[in-house]
Amino acid sequence: MKVVLAIDPIRFPLTGIGRYTYELAKGLQAANMQSLWFLRGGQLVSADTSIRDATSDAWSATTSRWRRVLGRSKLARDLYQSYEREQQTRKLSGMGDHIFHGPNYYLPDAQGPGVVTVHDLSIFLRPQDHPAARVASMSTEIERSLGRANAIITDTEHTRREVMQHFGLPGERVFAVHLASGSEFHPRSHSQLAASLAPFGLVPQGYCLFTGTIEPRKNLETLLDAYSRLPSDLRKRWPLVIIGYQGWLSQVIHAKMKMAEAEGWLRYLGYVSQDLLPSFMAGARLFAFPSHYEGFGLPLVEAMACGVPVVSSNASCLPEVGGMAPAYHQPSDVEGLSELLERGLCDEAWREEARSRGLERAKAFSWQRCAQETMAVYGAVSGR
């Protein structure tokens with residue numbers, strides 16, 4: 001098969017979609033495909049180049065600065081997106097024998113078949129969680145891309161059904177391909193973790209963790225309210241540590257986090273490098289994931305793979321991903337979440353059972369399988 005994969009999502013800060021694109025690119029490289037190219041912005045890069053070289057930190061940092069500047073002006077943003085689409089279409093001219101895969105909702109106008117990954121439908125189903133300008137631009141672009149796509153990939157069966165129902169698409173055009181955690185997420189001993197955590201004033205098993213972008217969809221206000229209900233001695237012994245890039249519509253969330261920090265039971269560390277994140281995850285006593293809505297929920301699998309007990313909301317696809325391992329709560333149930341957090345921190349029998357179930361459940365997901373199943377979609381599109 002001949003494939004062009006867009007790798008624009010691999011940029012700072014590396015979010016779940018960036019991680020997915022990075023791991024998929026590595027998996028396709030390892031498959032020794034007949035012809036594989038990466039498209040970044042308006043530049044085609046041979047897949048013979050290492051994925052790290054193709055996504056250099058310098059390029060990523062420069063692009064991030066431009067995106068922040070352009071994001072302040074709708075006109076500038078629209079002009080940039082129009083220019084980028086034109087560049088992509090021009091670069092793809094003459095490559096109609098290649099399948100183009102857009103791993104981040106979008107497909108350019110180009111010859112040849114197209115595959116697009118739709119990670120979730122929060123823009124359509126929970127527009128209140130996004131800036132209005134993003135809802136307007138993304139909804140138009142997604143609908144346009146789905147109309148052009150020969151096949152649509154979703155991260156879960158739950159999202160697959162949502163896409164089919166919302167857009168009235170036949171099942172044979174939509175494929176569910178699970179994501180995974182990387183091999184760097186695994187249990188670690190206290191001695192392995194101590195050196196990484198010490199500079200942040202943390203110790204192994206000494207905190208409850210949340211990771212994710214600071215935005216309304218992650219339901220952090222409910223987590224903060226629930227944690228504040230725990231006995232003071234528990235909050236001081238096991239503070240809540242929040243790791244995540246500052247997102248959007250998050251002023252109220254940040255204000256509440258500052259109050260909790262002042263009271264001594266919360267630590268907000270901002271964005272943490274991918275090299276350090278596995279140690280923070282493996283060092284946690286408990287992982288909390290109260291999200292209102294997810295397309296997959298990578299941190300859930302990363303926590304289970306590290307042998308960390310999980311408390312999660314039962315919203316959207318999270319029960320599909322977590323299986324029987326986490327303790328589940330309704331997203332808006334502050335009291336119920338608080339009770340589960342206390343159990344997760346204090347009940348050793350439950351913790352050991354949750355740890356064992358999580359490790360077993362995490363084995364069901366692998367990036368190698370993700371790449372293989374994605375290539376099976378390419379094969380369906382090409383008739384092979």
# chains A, B, ... in the order shown; residues from 1 in each chain; ligands from 1
>>> closest_atom_pairs(of="region 294-326 of chain A", to="region 105-126 of chain A", cutoff="10 Å", atoms="only C-alpha atoms", output="JSON lines")
{"residue": "A:Glu294", "atom": "CA", "partner": "A:Asp120", "partner_atom": "CA", "distance": 6.7}
{"residue": "A:Gly295", "atom": "CA", "partner": "A:Asp120", "partner_atom": "CA", "distance": 4.4}
{"residue": "A:Phe296", "atom": "CA", "partner": "A:His119", "partner_atom": "CA", "distance": 7.5}
{"residue": "A:Ser316", "atom": "CA", "partner": "A:Asp120", "partner_atom": "CA", "distance": 9.8}
{"residue": "A:Cys317", "atom": "CA", "partner": "A:Asp120", "partner_atom": "CA", "distance": 9.8}
>>> select_by_dssp(residues="region 131-291 of chain A", states="strand (DSSP E or B)", output="ChimeraX atom specification")
/A:151-154,174-176,208-211,214,240-243,246,266-270,286-289
>>> write_last_selection(atoms="C-alpha atoms", output="PDB file, in the first residue's frame")
ATOM      1  CA  ALA A 151     -13.250   5.576   5.585  1.00  0.00           C
ATOM      2  CA  ILE A 152     -13.522   7.044   9.083  1.00  0.00           C
ATOM      3  CA  ILE A 153     -11.551   5.713  12.060  1.00  0.00           C
ATOM      4  CA  THR A 154     -12.691   6.266  15.645  1.00  0.00           C
ATOM      5  CA  VAL A 174     -16.642   3.644  10.040  1.00  0.00           C
ATOM      6  CA  PHE A 175     -14.029   1.559  11.890  1.00  0.00           C
ATOM      7  CA  ALA A 176     -13.160   1.490  15.617  1.00  0.00           C
ATOM      8  CA  CYS A 208      -3.425  11.375  43.930  1.00  0.00           C
ATOM      9  CA  LEU A 209      -2.961  12.312  40.269  1.00  0.00           C
ATOM     10  CA  PHE A 210      -4.934  13.821  37.408  1.00  0.00           C
ATOM     11  CA  THR A 211      -3.420  14.438  33.952  1.00  0.00           C
ATOM     12  CA  ILE A 214      -7.223  22.121  31.829  1.00  0.00           C
ATOM     13  CA  LEU A 240      -3.995  16.126  44.649  1.00  0.00           C
ATOM     14  CA  VAL A 241      -1.419  16.660  41.886  1.00  0.00           C
ATOM     15  CA  ILE A 242      -2.688  18.073  38.584  1.00  0.00           C
ATOM     16  CA  ILE A 243      -0.569  17.890  35.437  1.00  0.00           C
ATOM     17  CA  GLN A 246      -3.392  25.389  30.460  1.00  0.00           C
ATOM     18  CA  LEU A 266      -3.122  20.610  45.763  1.00  0.00           C
ATOM     19  CA  ARG A 267      -0.102  20.941  43.489  1.00  0.00           C
ATOM     20  CA  TYR A 268      -0.516  22.204  39.916  1.00  0.00           C
ATOM     21  CA  LEU A 269       2.603  21.373  37.907  1.00  0.00           C
ATOM     22  CA  GLY A 270       1.453  22.590  34.482  1.00  0.00           C
ATOM     23  CA  LEU A 286      -4.432   6.818  42.928  1.00  0.00           C
ATOM     24  CA  PHE A 287      -5.413   8.184  39.508  1.00  0.00           C
ATOM     25  CA  ALA A 288      -8.622  10.224  39.171  1.00  0.00           C
ATOM     26  CA  PHE A 289     -10.292  10.755  35.790  1.00  0.00           C
TER      27      PHE A 289
END
>>> atom_distance(atom1="CA of Arg160 (chain A)", atom2="CA of His178 (chain A)")
11.0 Å
>>> closest_residue(among="A:Tyr227, A:Trp367, A:Phe167, A:Tyr378", to="Tyr22 (chain A)", atoms="only C-alpha atoms")
A:Trp367
>>> closest_residue(among="A:Glu215, A:Gly201, A:Leu5, A:Leu341", to="Gly27 (chain A)", atoms="only C-alpha atoms")
A:Leu5
>>> residues_around(residues="Ala255 (chain A)", least_positions_apart="5", cutoff="12 Å", atoms="only C-alpha atoms", output="PDB file with C-alpha atoms, in the first residue's frame")
ATOM      1  CA  ILE A 214      -7.223  22.121  31.829  1.00  0.00           C
ATOM      2  CA  LEU A 220     -11.963  19.282  37.189  1.00  0.00           C
ATOM      3  CA  GLU A 221     -14.355  21.432  39.209  1.00  0.00           C
ATOM      4  CA  LEU A 224     -11.765  19.698  43.245  1.00  0.00           C
ATOM      5  CA  LEU A 249     -12.473  28.438  29.362  1.00  0.00           C
ATOM      6  CA  SER A 250     -10.493  27.528  32.452  1.00  0.00           C
ATOM      7  CA  ALA A 260      -6.577  24.627  47.040  1.00  0.00           C
ATOM      8  CA  GLU A 261      -2.835  25.231  46.662  1.00  0.00           C
ATOM      9  CA  ALA A 262      -3.039  27.970  49.294  1.00  0.00           C
ATOM     10  CA  TYR A 268      -0.516  22.204  39.916  1.00  0.00           C
TER      11      TYR A 268
END
>>> residues_around(residues="Thr213 (chain A)", least_positions_apart="5", cutoff="6 Å", atoms="only C-alpha atoms", output="PyMOL selection string")
chain A and resi 244-245+247
>>> select_by_dssp(residues="region 132-327 of chain A", states="alpha helix (DSSP H)", output="number ranges by chain")
A: 132-148, 157-167, 190-197, 220-228, 232-237, 251-263, 277-282, 298-305, 318-322
>>> write_last_selection(atoms="C-alpha atoms", output="mmCIF file, in the first residue's frame")
data_model
loop_
_atom_site.group_PDB
_atom_site.id
_atom_site.type_symbol
_atom_site.label_atom_id
_atom_site.label_comp_id
_atom_site.auth_asym_id
_atom_site.auth_seq_id
_atom_site.Cartn_x
_atom_site.Cartn_y
_atom_site.Cartn_z
ATOM 1 C CA ALA A 132 -17.432 29.476 20.122
ATOM 2 C CA ALA A 133 -14.961 30.227 17.320
ATOM 3 C CA ARG A 134 -13.536 26.704 17.558
ATOM 4 C CA VAL A 135 -17.001 25.148 17.414
ATOM 5 C CA ALA A 136 -17.850 27.114 14.270
ATOM 6 C CA SER A 137 -14.603 26.345 12.419
ATOM 7 C CA MET A 138 -14.157 22.724 13.516
ATOM 8 C CA SER A 139 -17.745 21.633 12.887
ATOM 9 C CA THR A 140 -17.569 22.936 9.312
ATOM 10 C CA GLU A 141 -14.182 21.318 8.669
ATOM 11 C CA ILE A 142 -15.172 17.969 10.184
ATOM 12 C CA GLU A 143 -18.363 17.742 8.131
ATOM 13 C CA ARG A 144 -16.385 18.622 5.007
ATOM 14 C CA SER A 145 -13.751 15.973 5.783
ATOM 15 C CA LEU A 146 -16.319 13.256 6.470
ATOM 16 C CA GLY A 147 -17.951 13.975 3.131
ATOM 17 C CA ARG A 148 -14.622 13.430 1.368
ATOM 18 C CA GLU A 157 -16.808 1.533 19.452
ATOM 19 C CA HIS A 158 -18.755 4.091 21.499
ATOM 20 C CA THR A 159 -17.510 6.951 19.315
ATOM 21 C CA ARG A 160 -18.057 4.844 16.190
ATOM 22 C CA ARG A 161 -21.740 4.534 17.038
ATOM 23 C CA GLU A 162 -21.938 8.257 17.801
ATOM 24 C CA VAL A 163 -20.422 9.154 14.411
ATOM 25 C CA MET A 164 -22.757 6.803 12.556
ATOM 26 C CA GLN A 165 -25.820 8.135 14.350
ATOM 27 C CA HIS A 166 -24.941 11.832 14.244
ATOM 28 C CA PHE A 167 -23.992 11.904 10.558
ATOM 29 C CA HIS A 190 10.176 3.320 44.844
ATOM 30 C CA SER A 191 13.911 3.527 44.263
ATOM 31 C CA GLN A 192 13.349 4.007 40.515
ATOM 32 C CA LEU A 193 10.851 6.797 41.127
ATOM 33 C CA ALA A 194 12.407 8.732 43.981
ATOM 34 C CA ALA A 195 14.983 10.662 41.937
ATOM 35 C CA SER A 196 12.418 11.816 39.353
ATOM 36 C CA LEU A 197 9.843 12.948 41.913
ATOM 37 C CA LEU A 220 -11.963 19.282 37.189
ATOM 38 C CA GLU A 221 -14.355 21.432 39.209
ATOM 39 C CA THR A 222 -16.167 18.288 40.351
ATOM 40 C CA LEU A 223 -12.831 16.662 41.229
ATOM 41 C CA LEU A 224 -11.765 19.698 43.245
ATOM 42 C CA ASP A 225 -15.083 19.845 45.098
ATOM 43 C CA ALA A 226 -14.930 16.119 45.834
ATOM 44 C CA TYR A 227 -11.339 16.250 47.055
ATOM 45 C CA SER A 228 -12.127 19.215 49.308
ATOM 46 C CA SER A 232 -8.068 17.271 56.145
ATOM 47 C CA ASP A 233 -5.443 14.772 57.277
ATOM 48 C CA LEU A 234 -5.971 12.663 54.126
ATOM 49 C CA ARG A 235 -5.669 15.697 51.849
ATOM 50 C CA LYS A 236 -2.465 16.772 53.535
ATOM 51 C CA ARG A 237 -0.994 13.262 53.508
ATOM 52 C CA GLN A 251 -10.324 30.728 34.522
ATOM 53 C CA VAL A 252 -12.714 29.427 37.193
ATOM 54 C CA ILE A 253 -10.868 26.106 37.365
ATOM 55 C CA HIS A 254 -7.498 27.821 37.840
ATOM 56 C CA ALA A 255 -8.942 30.089 40.526
ATOM 57 C CA LYS A 256 -10.186 27.061 42.464
ATOM 58 C CA MET A 257 -6.830 25.320 42.053
ATOM 59 C CA LYS A 258 -5.017 28.365 43.467
ATOM 60 C CA MET A 259 -7.271 28.329 46.521
ATOM 61 C CA ALA A 260 -6.577 24.627 47.040
ATOM 62 C CA GLU A 261 -2.835 25.231 46.662
ATOM 63 C CA ALA A 262 -3.039 27.970 49.294
ATOM 64 C CA GLU A 263 -4.788 25.522 51.614
ATOM 65 C CA LEU A 277 5.180 11.726 32.765
ATOM 66 C CA PRO A 278 5.554 7.911 33.155
ATOM 67 C CA SER A 279 7.315 8.397 36.493
ATOM 68 C CA PHE A 280 4.622 10.755 37.761
ATOM 69 C CA MET A 281 1.987 8.232 36.711
ATOM 70 C CA ALA A 282 3.729 5.199 38.216
ATOM 71 C CA LEU A 298 -5.354 7.661 27.102
ATOM 72 C CA PRO A 299 -4.426 8.553 30.714
ATOM 73 C CA LEU A 300 -6.844 5.882 31.926
ATOM 74 C CA VAL A 301 -4.899 3.139 30.137
ATOM 75 C CA GLU A 302 -1.536 4.683 31.085
ATOM 76 C CA ALA A 303 -2.500 4.584 34.753
ATOM 77 C CA MET A 304 -3.686 0.959 34.557
ATOM 78 C CA ALA A 305 -0.479 -0.035 32.743
ATOM 79 C CA LEU A 318 -14.661 5.219 29.597
ATOM 80 C CA PRO A 319 -16.327 1.955 30.733
ATOM 81 C CA GLU A 320 -15.456 0.462 27.324
ATOM 82 C CA VAL A 321 -11.801 1.346 27.870
ATOM 83 C CA GLY A 322 -11.482 0.699 31.604
#
>>> closest_residue(among="A:Val177, A:Asp97, A:Gly264, A:Gly16", to="Gln372 (chain A)", atoms="only C-alpha atoms")
A:Val177
>>> closest_residue(among="A:Ile99, A:Ala325, A:Ala25, A:Val310", to="Val377 (chain A)", atoms="only C-alpha atoms")
A:Ile99
>>> residues_around(residues="Arg351 (chain A)", least_positions_apart="5", cutoff="8 Å", atoms="only C-alpha atoms", output="PyMOL selection string")
chain A and resi 309+344-345
>>> write_last_selection(atoms="C-alpha atoms", output="compact mmCIF listing (two decimals), in the first residue's frame")
# COMPACT_ATOMS: atom_id res chain seq x y z
CA PRO A 309 -5.70 2.11 40.97
CA GLY A 344 -8.95 4.53 46.60
CA LEU A 345 -6.53 6.16 49.00
>>> atom_distance(atom1="CA of Arg188 (chain A)", atom2="CA of Cys306 (chain A)")
7.5 Å
>>> closest_residue(among="A:Ala47, A:Val4, A:Ala284, A:Met95", to="Ser189 (chain A)", atoms="only C-alpha atoms")
A:Ala284
